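Raw contents of input-v5.cif, mmCIF, C-alpha atoms and all ligand atoms:
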data_target
#
loop_
_atom_site.label_atom_id
_atom_site.label_comp_id
_atom_site.auth_asym_id
_atom_site.auth_seq_id
_atom_site.Cartn_x
_atom_site.Cartn_y
_atom_site.Cartn_z
CA MET A 1159 106.76 8.85 63.38
CA ARG A 1160 106.01 10.73 60.18
CA ALA A 1161 109.09 10.92 58.00
CA ALA A 1162 108.60 14.40 56.55
CA LYS A 1163 111.12 16.77 58.06
CA ALA A 1164 112.84 20.09 57.48
CA THR A 1165 116.49 20.42 58.43
CA ILE A 1166 117.57 23.99 59.12
CA ASP A 1167 121.25 24.75 58.55
CA LEU A 1168 122.08 27.63 60.90
CA GLN A 1169 125.62 27.88 59.56
CA ALA A 1170 124.20 28.51 56.10
CA LEU A 1171 121.96 31.22 57.54
CA ARG A 1172 124.99 33.00 59.02
CA HIS A 1173 126.90 32.58 55.77
CA ASN A 1174 124.03 34.21 53.85
CA LEU A 1175 123.96 37.08 56.37
CA SER A 1176 127.62 37.68 55.67
CA ARG A 1177 126.86 37.66 51.93
CA ALA A 1178 124.32 40.42 52.55
CA ARG A 1179 126.91 42.44 54.47
CA GLU A 1180 129.46 41.91 51.74
CA ALA A 1181 127.00 42.99 49.05
CA ALA A 1182 125.96 46.15 50.92
CA PRO A 1183 129.07 46.98 52.95
CA SER A 1184 128.07 50.53 53.88
CA SER A 1185 124.56 49.70 55.01
CA ARG A 1186 123.12 48.44 58.24
CA LEU A 1187 121.05 45.26 58.00
CA MET A 1188 117.43 45.00 59.03
CA THR A 1189 117.02 41.24 58.58
CA VAL A 1190 113.52 40.27 57.57
CA ILE A 1191 112.25 37.36 59.66
CA LYS A 1192 108.49 37.80 59.23
CA ALA A 1193 106.19 34.81 58.62
CA ASN A 1194 107.97 32.63 61.16
CA GLY A 1195 111.35 33.44 59.65
CA TYR A 1196 110.10 32.60 56.14
CA GLY A 1197 108.92 29.29 57.58
CA HIS A 1198 112.25 28.38 59.20
CA GLY A 1199 111.23 29.20 62.81
CA LEU A 1200 111.18 32.76 64.15
CA LEU A 1201 113.28 32.38 67.29
CA ARG A 1202 115.67 29.91 65.73
CA VAL A 1203 116.37 32.34 62.90
CA ALA A 1204 116.57 35.39 65.15
CA ARG A 1205 119.12 33.69 67.41
CA ALA A 1206 121.21 32.50 64.47
CA LEU A 1207 121.16 36.04 63.08
CA ALA A 1208 122.15 37.68 66.36
CA ASP A 1209 124.67 39.83 64.42
CA ALA A 1210 121.89 41.64 62.60
CA ASP A 1211 121.56 45.37 63.31
CA ALA A 1212 117.77 45.01 63.56
CA TYR A 1213 114.98 42.58 62.79
CA ALA A 1214 112.00 43.37 60.58
CA VAL A 1215 108.70 41.55 61.10
CA ALA A 1216 105.24 42.04 59.64
CA CYS A 1217 103.16 42.42 62.77
CA LEU A 1218 103.13 42.94 66.51
CA GLU A 1219 102.63 39.27 67.42
CA GLU A 1220 105.89 38.43 65.72
CA ALA A 1221 107.70 41.27 67.47
CA MET A 1222 106.28 40.28 70.88
CA GLU A 1223 107.42 36.71 70.43
CA LEU A 1224 110.96 38.04 70.02
CA ARG A 1225 110.73 40.38 73.01
CA GLU A 1226 109.17 37.69 75.21
CA ALA A 1227 112.12 35.46 74.36
CA GLY A 1228 114.40 38.16 75.78
CA ILE A 1229 115.68 39.47 72.46
CA ALA A 1230 116.69 43.12 72.86
CA THR A 1231 117.76 43.89 69.27
CA PRO A 1232 115.81 46.70 67.55
CA ILE A 1233 112.66 45.39 65.86
CA ILE A 1234 110.72 47.13 63.10
CA LEU A 1235 107.06 46.43 62.32
CA LEU A 1236 106.83 46.57 58.53
CA GLU A 1237 103.08 47.11 58.62
CA GLY A 1238 103.14 49.25 61.73
CA PHE A 1239 100.50 49.08 64.47
CA VAL A 1240 96.87 48.41 63.58
CA ASP A 1241 95.18 49.92 66.65
CA VAL A 1242 95.93 51.89 69.81
CA SER A 1243 96.55 48.81 71.94
CA GLU A 1244 99.24 47.70 69.50
CA LEU A 1245 100.73 51.19 69.52
CA LEU A 1246 100.90 51.09 73.33
CA LEU A 1247 102.58 47.69 73.29
CA ALA A 1248 105.05 48.83 70.65
CA SER A 1249 105.90 51.84 72.79
CA ARG A 1250 106.25 49.80 75.97
CA HIS A 1251 108.50 47.19 74.34
CA GLU A 1252 110.58 49.58 72.24
CA ILE A 1253 109.34 48.23 68.96
CA GLU A 1254 109.75 50.55 65.97
CA ALA A 1255 106.90 51.05 63.54
CA VAL A 1256 106.51 51.81 59.88
CA VAL A 1257 103.84 54.49 59.48
CA HIS A 1258 102.17 54.10 56.11
CA HIS A 1259 98.67 55.52 56.62
CA PRO A 1260 97.07 58.71 58.03
CA VAL A 1261 95.08 56.55 60.47
CA GLN A 1262 98.35 55.64 62.19
CA ILE A 1263 99.36 59.30 62.47
CA GLU A 1264 96.01 60.09 64.08
CA MET A 1265 96.63 57.38 66.68
CA LEU A 1266 100.08 58.81 67.40
CA GLU A 1267 98.63 62.31 67.76
CA ARG A 1268 95.92 61.38 70.24
CA THR A 1269 97.55 58.63 72.32
CA PRO A 1270 99.79 59.48 75.29
CA LEU A 1271 102.60 56.89 75.22
CA PRO A 1272 104.77 55.48 78.00
CA ARG A 1273 107.82 56.27 75.86
CA PRO A 1274 108.32 57.74 72.38
CA VAL A 1275 108.26 55.22 69.54
CA ARG A 1276 110.71 55.30 66.72
CA VAL A 1277 108.86 55.49 63.41
CA TRP A 1278 109.70 55.04 59.76
CA LEU A 1279 107.60 57.01 57.31
CA LYS A 1280 106.69 54.81 54.39
CA VAL A 1281 106.73 56.49 51.01
CA ASP A 1282 104.96 54.91 48.06
CA SER A 1283 107.57 55.37 45.35
CA GLY A 1284 105.57 53.33 42.85
CA MET A 1285 104.67 49.92 44.25
CA HIS A 1286 101.18 51.15 45.13
CA ARG A 1287 100.62 48.85 48.05
CA LEU A 1288 101.47 50.77 51.22
CA GLY A 1289 102.71 54.26 51.88
CA PHE A 1290 102.16 57.95 51.43
CA ALA A 1291 102.22 59.31 47.91
CA PRO A 1292 105.30 61.50 47.38
CA ALA A 1293 103.11 64.61 47.31
CA ALA A 1294 101.65 63.73 50.73
CA ALA A 1295 104.90 62.68 52.38
CA THR A 1296 106.10 66.11 53.50
CA ALA A 1297 102.85 66.89 55.31
CA ALA A 1298 102.91 63.44 56.96
CA TRP A 1299 106.49 64.04 58.04
CA ARG A 1300 105.58 67.38 59.63
CA ARG A 1301 102.69 65.83 61.52
CA LEU A 1302 104.97 63.08 62.83
CA MET A 1303 107.56 65.68 63.86
CA GLY A 1304 104.83 67.35 65.88
CA CYS A 1305 103.87 64.22 67.86
CA ALA A 1306 105.13 64.04 71.43
CA GLY A 1307 105.01 60.24 71.19
CA VAL A 1308 107.34 60.05 68.19
CA ALA A 1309 111.06 59.61 68.89
CA ALA A 1310 113.44 62.17 67.51
CA ARG A 1311 114.89 60.36 64.50
CA ILE A 1312 112.24 59.51 61.96
CA GLY A 1313 113.34 57.16 59.16
CA LEU A 1314 112.22 57.09 55.56
CA VAL A 1315 111.40 53.81 53.90
CA THR A 1316 110.08 52.57 50.57
CA HIS A 1317 109.72 49.21 48.84
CA LEU A 1318 110.70 48.10 45.34
CA ALA A 1319 108.12 46.39 43.15
CA ASN A 1320 110.19 45.03 40.26
CA ALA A 1321 113.76 44.69 41.52
CA ASP A 1322 113.64 40.93 40.92
CA ASP A 1323 114.10 41.68 37.21
CA ARG A 1324 117.59 43.11 36.74
CA ARG A 1325 116.65 44.74 33.44
CA ASP A 1326 113.46 46.43 34.52
CA PRO A 1327 114.10 50.19 34.60
CA TYR A 1328 111.16 50.72 36.97
CA THR A 1329 113.50 50.27 39.93
CA LEU A 1330 115.43 53.37 38.86
CA THR A 1331 112.18 55.28 38.44
CA GLN A 1332 111.19 54.33 41.99
CA LEU A 1333 114.61 55.33 43.27
CA GLU A 1334 114.33 58.75 41.64
CA THR A 1335 110.85 59.22 43.06
CA PHE A 1336 112.01 58.27 46.56
CA ARG A 1337 114.98 60.62 46.35
CA SER A 1338 112.68 63.49 45.45
CA VAL A 1339 110.92 63.15 48.81
CA LEU A 1340 112.27 65.41 51.58
CA PRO A 1341 115.71 65.65 49.92
CA GLU A 1342 116.85 68.24 52.47
CA VAL A 1343 116.12 65.98 55.44
CA ASP A 1344 119.05 64.12 56.96
CA ALA A 1345 117.11 60.94 57.75
CA GLU A 1346 118.09 57.30 57.72
CA ARG A 1347 116.64 55.75 54.60
CA SER A 1348 115.85 52.18 53.60
CA ILE A 1349 114.95 50.97 50.12
CA ALA A 1350 116.52 47.64 49.21
CA ASN A 1351 115.10 44.14 49.70
CA SER A 1352 117.26 41.13 48.69
CA ALA A 1353 116.93 41.93 44.99
CA GLY A 1354 117.98 45.53 45.64
CA ILE A 1355 120.95 44.38 47.72
CA LEU A 1356 122.24 41.93 45.10
CA GLY A 1357 121.15 43.60 41.88
CA TRP A 1358 120.82 47.33 42.43
CA PRO A 1359 123.68 48.86 44.44
CA GLN A 1360 122.21 52.32 43.78
CA THR A 1361 119.39 51.38 46.15
CA HIS A 1362 121.67 50.69 49.12
CA SER A 1363 121.27 53.39 51.72
CA GLU A 1364 121.70 53.63 55.48
CA TRP A 1365 119.64 50.46 55.92
CA VAL A 1366 118.93 47.45 53.71
CA ARG A 1367 116.27 44.80 54.32
CA PRO A 1368 117.44 41.33 53.27
CA GLY A 1369 114.78 38.63 53.41
CA ILE A 1370 114.77 35.71 51.00
CA MET A 1371 118.53 35.81 50.38
CA LEU A 1372 119.18 34.98 54.04
CA TYR A 1373 117.43 31.68 53.49
CA GLY A 1374 119.73 30.89 50.56
CA VAL A 1375 117.29 31.66 47.79
CA SER A 1376 117.78 33.93 44.79
CA PRO A 1377 115.39 36.87 44.67
CA PHE A 1378 115.67 37.05 40.88
CA VAL A 1379 113.28 35.70 38.29
CA ASP A 1380 114.77 32.39 37.07
CA GLY A 1381 117.71 32.84 39.48
CA ARG A 1382 119.36 30.30 41.76
CA GLY A 1383 120.81 31.07 45.18
CA GLU A 1384 124.07 29.41 44.24
CA GLN A 1385 124.68 32.02 41.51
CA GLU A 1386 124.63 34.65 44.27
CA GLY A 1387 126.97 32.74 46.57
CA LEU A 1388 124.09 31.72 48.84
CA ILE A 1389 123.61 28.39 50.60
CA PRO A 1390 120.16 26.82 51.06
CA VAL A 1391 119.09 26.88 54.70
CA MET A 1392 116.10 24.53 54.61
CA THR A 1393 116.27 21.00 53.29
CA CYS A 1394 112.93 19.24 53.24
CA ASP A 1395 112.97 15.48 52.98
CA THR A 1396 111.01 12.32 53.67
CA ARG A 1397 111.16 8.62 52.82
CA LEU A 1398 109.76 6.15 50.35
CA ILE A 1399 106.95 4.17 51.97
CA ALA A 1400 106.22 1.98 48.94
CA VAL A 1401 107.80 0.90 45.70
CA ASN A 1402 105.30 -0.57 43.25
CA HIS A 1403 105.46 -2.14 39.80
CA TYR A 1404 102.91 -0.97 37.25
CA ARG A 1405 102.24 -1.94 33.67
CA LYS A 1406 102.38 0.19 30.58
CA GLY A 1407 99.06 2.09 30.39
CA ASP A 1408 98.34 2.04 34.16
CA ALA A 1409 97.07 5.39 35.45
CA VAL A 1410 98.69 6.70 38.66
CA GLY A 1411 96.88 8.61 41.41
CA TYR A 1412 93.77 10.80 41.60
CA GLY A 1413 92.15 11.47 38.28
CA GLY A 1414 94.57 9.10 36.59
CA SER A 1415 96.35 12.13 35.22
CA TRP A 1416 99.60 10.30 34.57
CA ILE A 1417 99.83 7.09 32.55
CA CYS A 1418 102.82 4.75 32.75
CA PRO A 1419 104.53 4.87 29.33
CA GLU A 1420 106.04 1.40 29.92
CA ASP A 1421 106.23 -1.26 32.63
CA MET A 1422 107.99 0.55 35.44
CA ARG A 1423 108.47 1.15 39.15
CA VAL A 1424 106.68 3.97 40.91
CA GLY A 1425 107.70 5.09 44.40
CA VAL A 1426 105.41 6.59 47.01
CA ALA A 1427 106.93 9.19 49.35
CA ALA A 1428 105.34 10.32 52.61
CA ILE A 1429 104.71 13.99 51.96
CA GLY A 1430 101.80 15.85 50.42
CA TYR A 1431 99.93 19.11 50.45
CA GLY A 1432 98.93 18.44 54.07
CA ASP A 1433 102.61 18.93 54.86
CA GLY A 1434 102.95 21.96 52.64
CA TYR A 1435 104.29 20.28 49.54
CA PRO A 1436 102.61 22.24 46.72
CA ARG A 1437 99.57 20.55 45.21
CA HIS A 1438 100.29 22.42 41.99
CA ALA A 1439 103.62 20.63 41.52
CA ALA A 1440 103.29 19.21 38.02
CA SER A 1441 104.39 15.82 36.72
CA GLY A 1442 108.08 16.27 36.00
CA THR A 1443 108.84 18.25 39.17
CA PRO A 1444 112.26 17.04 40.34
CA VAL A 1445 112.90 15.20 43.62
CA LEU A 1446 116.08 13.47 44.81
CA VAL A 1447 115.81 9.78 45.64
CA ASN A 1448 119.01 8.53 47.25
CA GLY A 1449 120.58 11.77 46.08
CA ARG A 1450 119.66 11.16 42.44
CA ARG A 1451 117.14 13.05 40.38
CA ALA A 1452 113.76 11.54 39.73
CA SER A 1453 110.44 13.12 38.85
CA LEU A 1454 107.07 13.48 40.39
CA VAL A 1455 104.28 11.80 38.45
CA GLY A 1456 100.53 12.16 38.88
CA ARG A 1457 98.76 14.43 41.32
CA VAL A 1458 100.04 15.42 44.73
CA SER A 1459 97.81 13.91 47.44
CA MET A 1460 97.32 15.21 50.98
CA ASP A 1461 99.86 12.80 52.48
CA MET A 1462 101.75 11.31 49.56
CA ILE A 1463 103.42 11.89 46.23
CA THR A 1464 104.23 9.38 43.52
CA ILE A 1465 107.63 9.26 41.83
CA ASP A 1466 108.91 7.80 38.57
CA LEU A 1467 111.77 5.54 39.74
CA ARG A 1468 113.16 4.66 36.31
CA SER A 1469 116.23 6.83 36.97
CA VAL A 1470 116.88 5.21 40.37
CA PRO A 1471 116.67 1.46 39.78
CA GLU A 1472 118.03 0.50 43.20
CA ALA A 1473 115.48 2.59 45.14
CA GLN A 1474 113.65 0.73 47.89
CA VAL A 1475 111.24 1.35 50.72
CA GLY A 1476 112.83 3.52 53.41
CA ASP A 1477 115.14 5.39 51.05
CA PRO A 1478 115.43 9.17 51.54
CA VAL A 1479 113.61 11.56 49.24
CA VAL A 1480 114.62 15.24 49.16
CA LEU A 1481 111.89 17.63 48.06
CA TRP A 1482 114.07 20.76 48.08
CA GLY A 1483 117.18 22.15 49.70
CA LYS A 1484 120.75 20.86 49.45
CA GLY A 1485 121.20 19.43 45.97
CA LEU A 1486 117.80 20.55 44.73
CA PRO A 1487 117.09 24.29 44.60
CA VAL A 1488 113.68 25.22 45.97
CA GLU A 1489 113.53 27.79 43.15
CA GLU A 1490 113.37 24.92 40.66
CA VAL A 1491 110.54 23.19 42.51
CA ALA A 1492 108.68 26.51 42.67
CA GLN A 1493 108.95 26.93 38.91
CA HIS A 1494 107.38 23.51 38.37
CA SER A 1495 104.61 24.43 40.81
CA SER A 1496 103.60 27.81 39.34
CA THR A 1497 104.69 29.62 42.47
CA ILE A 1498 107.73 31.23 44.07
CA ALA A 1499 110.22 29.78 46.52
CA TYR A 1500 109.00 32.19 49.23
CA GLU A 1501 105.62 30.44 49.28
CA LEU A 1502 107.10 26.95 49.50
CA LEU A 1503 109.40 27.89 52.40
CA CYS A 1504 106.60 29.62 54.33
CA GLY A 1505 104.13 26.84 53.68
CA LEU A 1506 105.37 23.77 55.55
CA THR A 1507 102.75 22.79 58.11
CA GLN A 1508 102.83 21.76 61.77
CA ARG A 1509 103.06 18.17 60.72
CA VAL A 1510 106.61 18.52 59.45
CA LYS A 1511 109.27 17.97 62.05
CA PHE A 1512 111.93 20.70 62.21
CA VAL A 1513 115.49 19.85 63.18
CA GLU A 1514 118.61 22.02 63.29
CA ALA A 1515 121.87 21.13 61.65
C1 LIG R 1601 109.29 41.04 52.96
C2 LIG R 1601 109.88 42.38 52.80
C3 LIG R 1601 111.25 42.56 52.56
C4 LIG R 1601 112.18 41.41 52.24
O1 LIG R 1601 112.04 41.05 50.88
P1 LIG R 1601 112.90 39.89 50.21
O2 LIG R 1601 112.46 39.89 48.80
O3 LIG R 1601 112.50 38.63 50.91
O4 LIG R 1601 114.31 40.23 50.42
C5 LIG R 1601 111.76 43.84 52.58
N1 LIG R 1601 110.94 44.90 52.80
C6 LIG R 1601 109.61 44.77 53.00
C7 LIG R 1601 108.79 45.99 53.22
C8 LIG R 1601 109.04 43.51 52.99
O5 LIG R 1601 107.72 43.39 53.17
#

Using structure tokens, write down the structure from this file.
Amino acid sequence: MRAAKATIDLQALRHNLSRAREAAPSSRLMTVIKANGYGHGLLRVARALADADAYAVACLEEAMELREAGIATPIILLEGFVDVSELLLASRHEIEAVVHHPVQIEMLERTPLPRPVRVWLKVDSGMHRLGFAPAAATAAWRRLMGCAGVAARIGLVTHLANADDRRDPYTLTQLETFRSVLPEVDAERSIANSAGILGWPQTHSEWVRPGIMLYGVSPFVDGRGEQEGLIPVMTCDTRLIAVNHYRKGDAVGYGGSWICPEDMRVGVAAIGYGDGYPRHAASGTPVLVNGRRASLVGRVSMDMITIDLRSVPEAQVGDPVVLWGKGLPVEEVAQHSSTIAYELLCGLTQRVKFVEA
């Protein structure tokens, strides 16, 4: 059996949920479990986070998977419905929808629904991705209020673009913009993602939307989950399938991009980009061999990586190799791979075996 596996620590997930509650004690939590629970397994994560006040997912398929598994917790579609059939399903299964575009309001106006849907009007406070411009929000609100298919309490939601940088004043600009929209309306509001929860208490409101922090990862540029009291949920590991001796000057792997600086041992571990290990991981990316730090050398292959074993002289075939997780922050691996931890967590493929701890 292939050695590459991901161990999911459900206790850590619950610990991180309690960190979110502690950080935003007056807010309700809409836990973000889109993209297969950030790659950890949608149902597994949803069940472990049964204390959440609601779940947020990107699309209807994700919401339906939860409902079909018998989960009755409120669910919010962050991108809303994309056509009338999705709107009908959302209505039938009591799935709430973010409304970010006039096309969605038109569907609500012309479609008789089995039961009213709860909607969240998305305001573009400055991210410029989804949502109604502040000047258009009041008219959109009125139209929604006039829809028979819209449930009585309409929420107001926005998303922060730069909250991952604690010094960037743009977050406060967005906050001010959002507050200027329908100030007289007594609606439930939601602004903060993980970075807002941990770094910008001003952005806490009736609802917060923790995502990456639940998985034990810092949302901040150059941050580490540990600094925020978070525990990594996913540990990805595999085993050494070869230990080879090469001579000074030997080139390792495709393209010969790494040259042995001396006679040395190079380990081969059974994981590669076909498993979701990032191909852009550069020579020098840390791994743990037998719990000790070693570095990746040469290019990442589809099924294998090569490791400088000079720091682990006792390493032998069969020894465990941790790619990220406990003892090796995924944030650090992401930095060496020109990406973010979110992408690494979401990216493990079908080939990797998932186990719960
Ligand atoms: C993904 C997402 C979140 C969660 O963001 P994190 O940075 O993972 O905490 C919150 N809100 C919206 C709209 C999102 O798309």

| task | Please provide the set of residues having any atom within 10 Å of Ile1349 in chain A, restricted to all atoms listed in the file, with same-chain residues fewer than 2 positions apart removed, written as a PyMOL selection string. | result | chain A and resi 1281+1283+1314-1318+1332-1333+1336+1347+1351+1354-1355+1360-1367

Would you please work out which residue, of A:Asp1209, A:Glu1237, A:Glu1180, A:Asp1395, is nearest to ligand LIG 1601 (chain R) when using all atoms listed in the file?
->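 For ligand LIG 1601 (chain R), the nearest of the given residues is A:Glu1237.
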
For a quick check of understanding, using all atoms listed in the file, which of A:Asp1380, A:Glu1501, A:Asp1344, A:Asp1461 has the smallest distance to ligand LIG 1601 (chain R)?
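Selected residue with least distance to ligand LIG 1601 (chain R): A:Glu1501.
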
- Excluding range 1449-1454 of chain A and residues on its chain fewer than 5 positions from it, collect all residues at most 7 Å away from it, counting only C-alpha atoms, and give them as a PyMOL selection string. chain A and resi 1441-1444+1464-1467+1469-1470

_Counting only C-alpha atoms and all ligand atoms, which residue out of A:Trp1416, A:Trp1299, A:Tyr1328, A:Phe1378 sits closest to ligand LIG 1601 (chain R)?_
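That would be A:Phe1378, the residue with the smallest distance to ligand LIG 1601 (chain R).
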
ask   = What is the distance between CA of Phe1512 in chain A and CA of Gly1425 in chain A, in Å to one decimal?
value =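 Result for CA of Phe1512 in chain A versus CA of Gly1425 in chain A: 24.1 Å, one decimal.
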
Q.
Could you list the protein, DNA and RNA residues that have any atom within 10 Å of ligand LIG 1601 (chain R), counting all atoms listed in the file, and write them as a ChimeraX atom specification?
A. /A:1188-1193,1196,1214-1216,1235-1237,1256,1280,1288,1315-1319,1321-1322,1348-1356,1366-1373,1375-1378,1500

Show which residues sit within 10 Å of Ala1248 in chain A, as a compact mmCIF listing (two decimals) with C-alpha atoms, keeping the file's coordinate frame. Count all atoms listed in the file, and ignore same-chain residues fewer than 3 positions away.
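Generated file (result_11.txt):
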# COMPACT_ATOMS: atom_id res chain seq x y z
CA LEU A 1218 103.13 42.94 66.51
CA ALA A 1221 107.70 41.27 67.47
CA MET A 1222 106.28 40.28 70.88
CA ILE A 1233 112.66 45.39 65.86
CA ILE A 1234 110.72 47.13 63.10
CA LEU A 1235 107.06 46.43 62.32
CA GLY A 1238 103.14 49.25 61.73
CA PHE A 1239 100.50 49.08 64.47
CA VAL A 1242 95.93 51.89 69.81
CA SER A 1243 96.55 48.81 71.94
CA GLU A 1244 99.24 47.70 69.50
CA LEU A 1245 100.73 51.19 69.52
CA HIS A 1251 108.50 47.19 74.34
CA GLU A 1252 110.58 49.58 72.24
CA ILE A 1253 109.34 48.23 68.96
CA GLU A 1254 109.75 50.55 65.97
CA ALA A 1255 106.90 51.05 63.54
CA LEU A 1271 102.60 56.89 75.22
CA PRO A 1272 104.77 55.48 78.00
CA ARG A 1273 107.82 56.27 75.86
CA PRO A 1274 108.32 57.74 72.38
CA VAL A 1275 108.26 55.22 69.54
CA ARG A 1276 110.71 55.30 66.72

With all atoms of range 1204-1209 of chain A from the file as input, state the centre and edge lengths in Å to one decimal of the axis-aligned box that has 4 Å extra on each side, as AutoDock Vina command-line options.
--center_x 120.6 --center_y 36.2 --center_z 65.2 --size_x 16.1 --size_y 15.3 --size_z 12.3

Next item on the list: Using only C-alpha atoms, collect all residues at a distance of at most 12 Å from (102.7, 64.0, 50.2) as written in the file, then present them as a PyMOL selection string.
Entry: chain A and resi 1258-1260+1279-1283+1289-1301+1335-1336+1338-1340

Check: Counting all atoms listed in the file, which of A:Asp1408, A:Glu1386, A:Glu1346, A:Glu1264 gets nearest to Gly1307 in chain A?
Finding: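 The answer is A:Glu1264, which sits nearest to Gly1307 in chain A.
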
One decimal place gives the CA of Thr1497 in chain A-CA of Met1285 in chain A separation as 20.4 Å

| field | Counting only C-alpha atoms, the residue of A:Arg1423, A:Arg1186, A:Val1475, A:Arg1311 that sits nearest Leu1398 in chain A | value |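 Ranked by minimum distance to Leu1398 in chain A, first place goes to A:Val1475.
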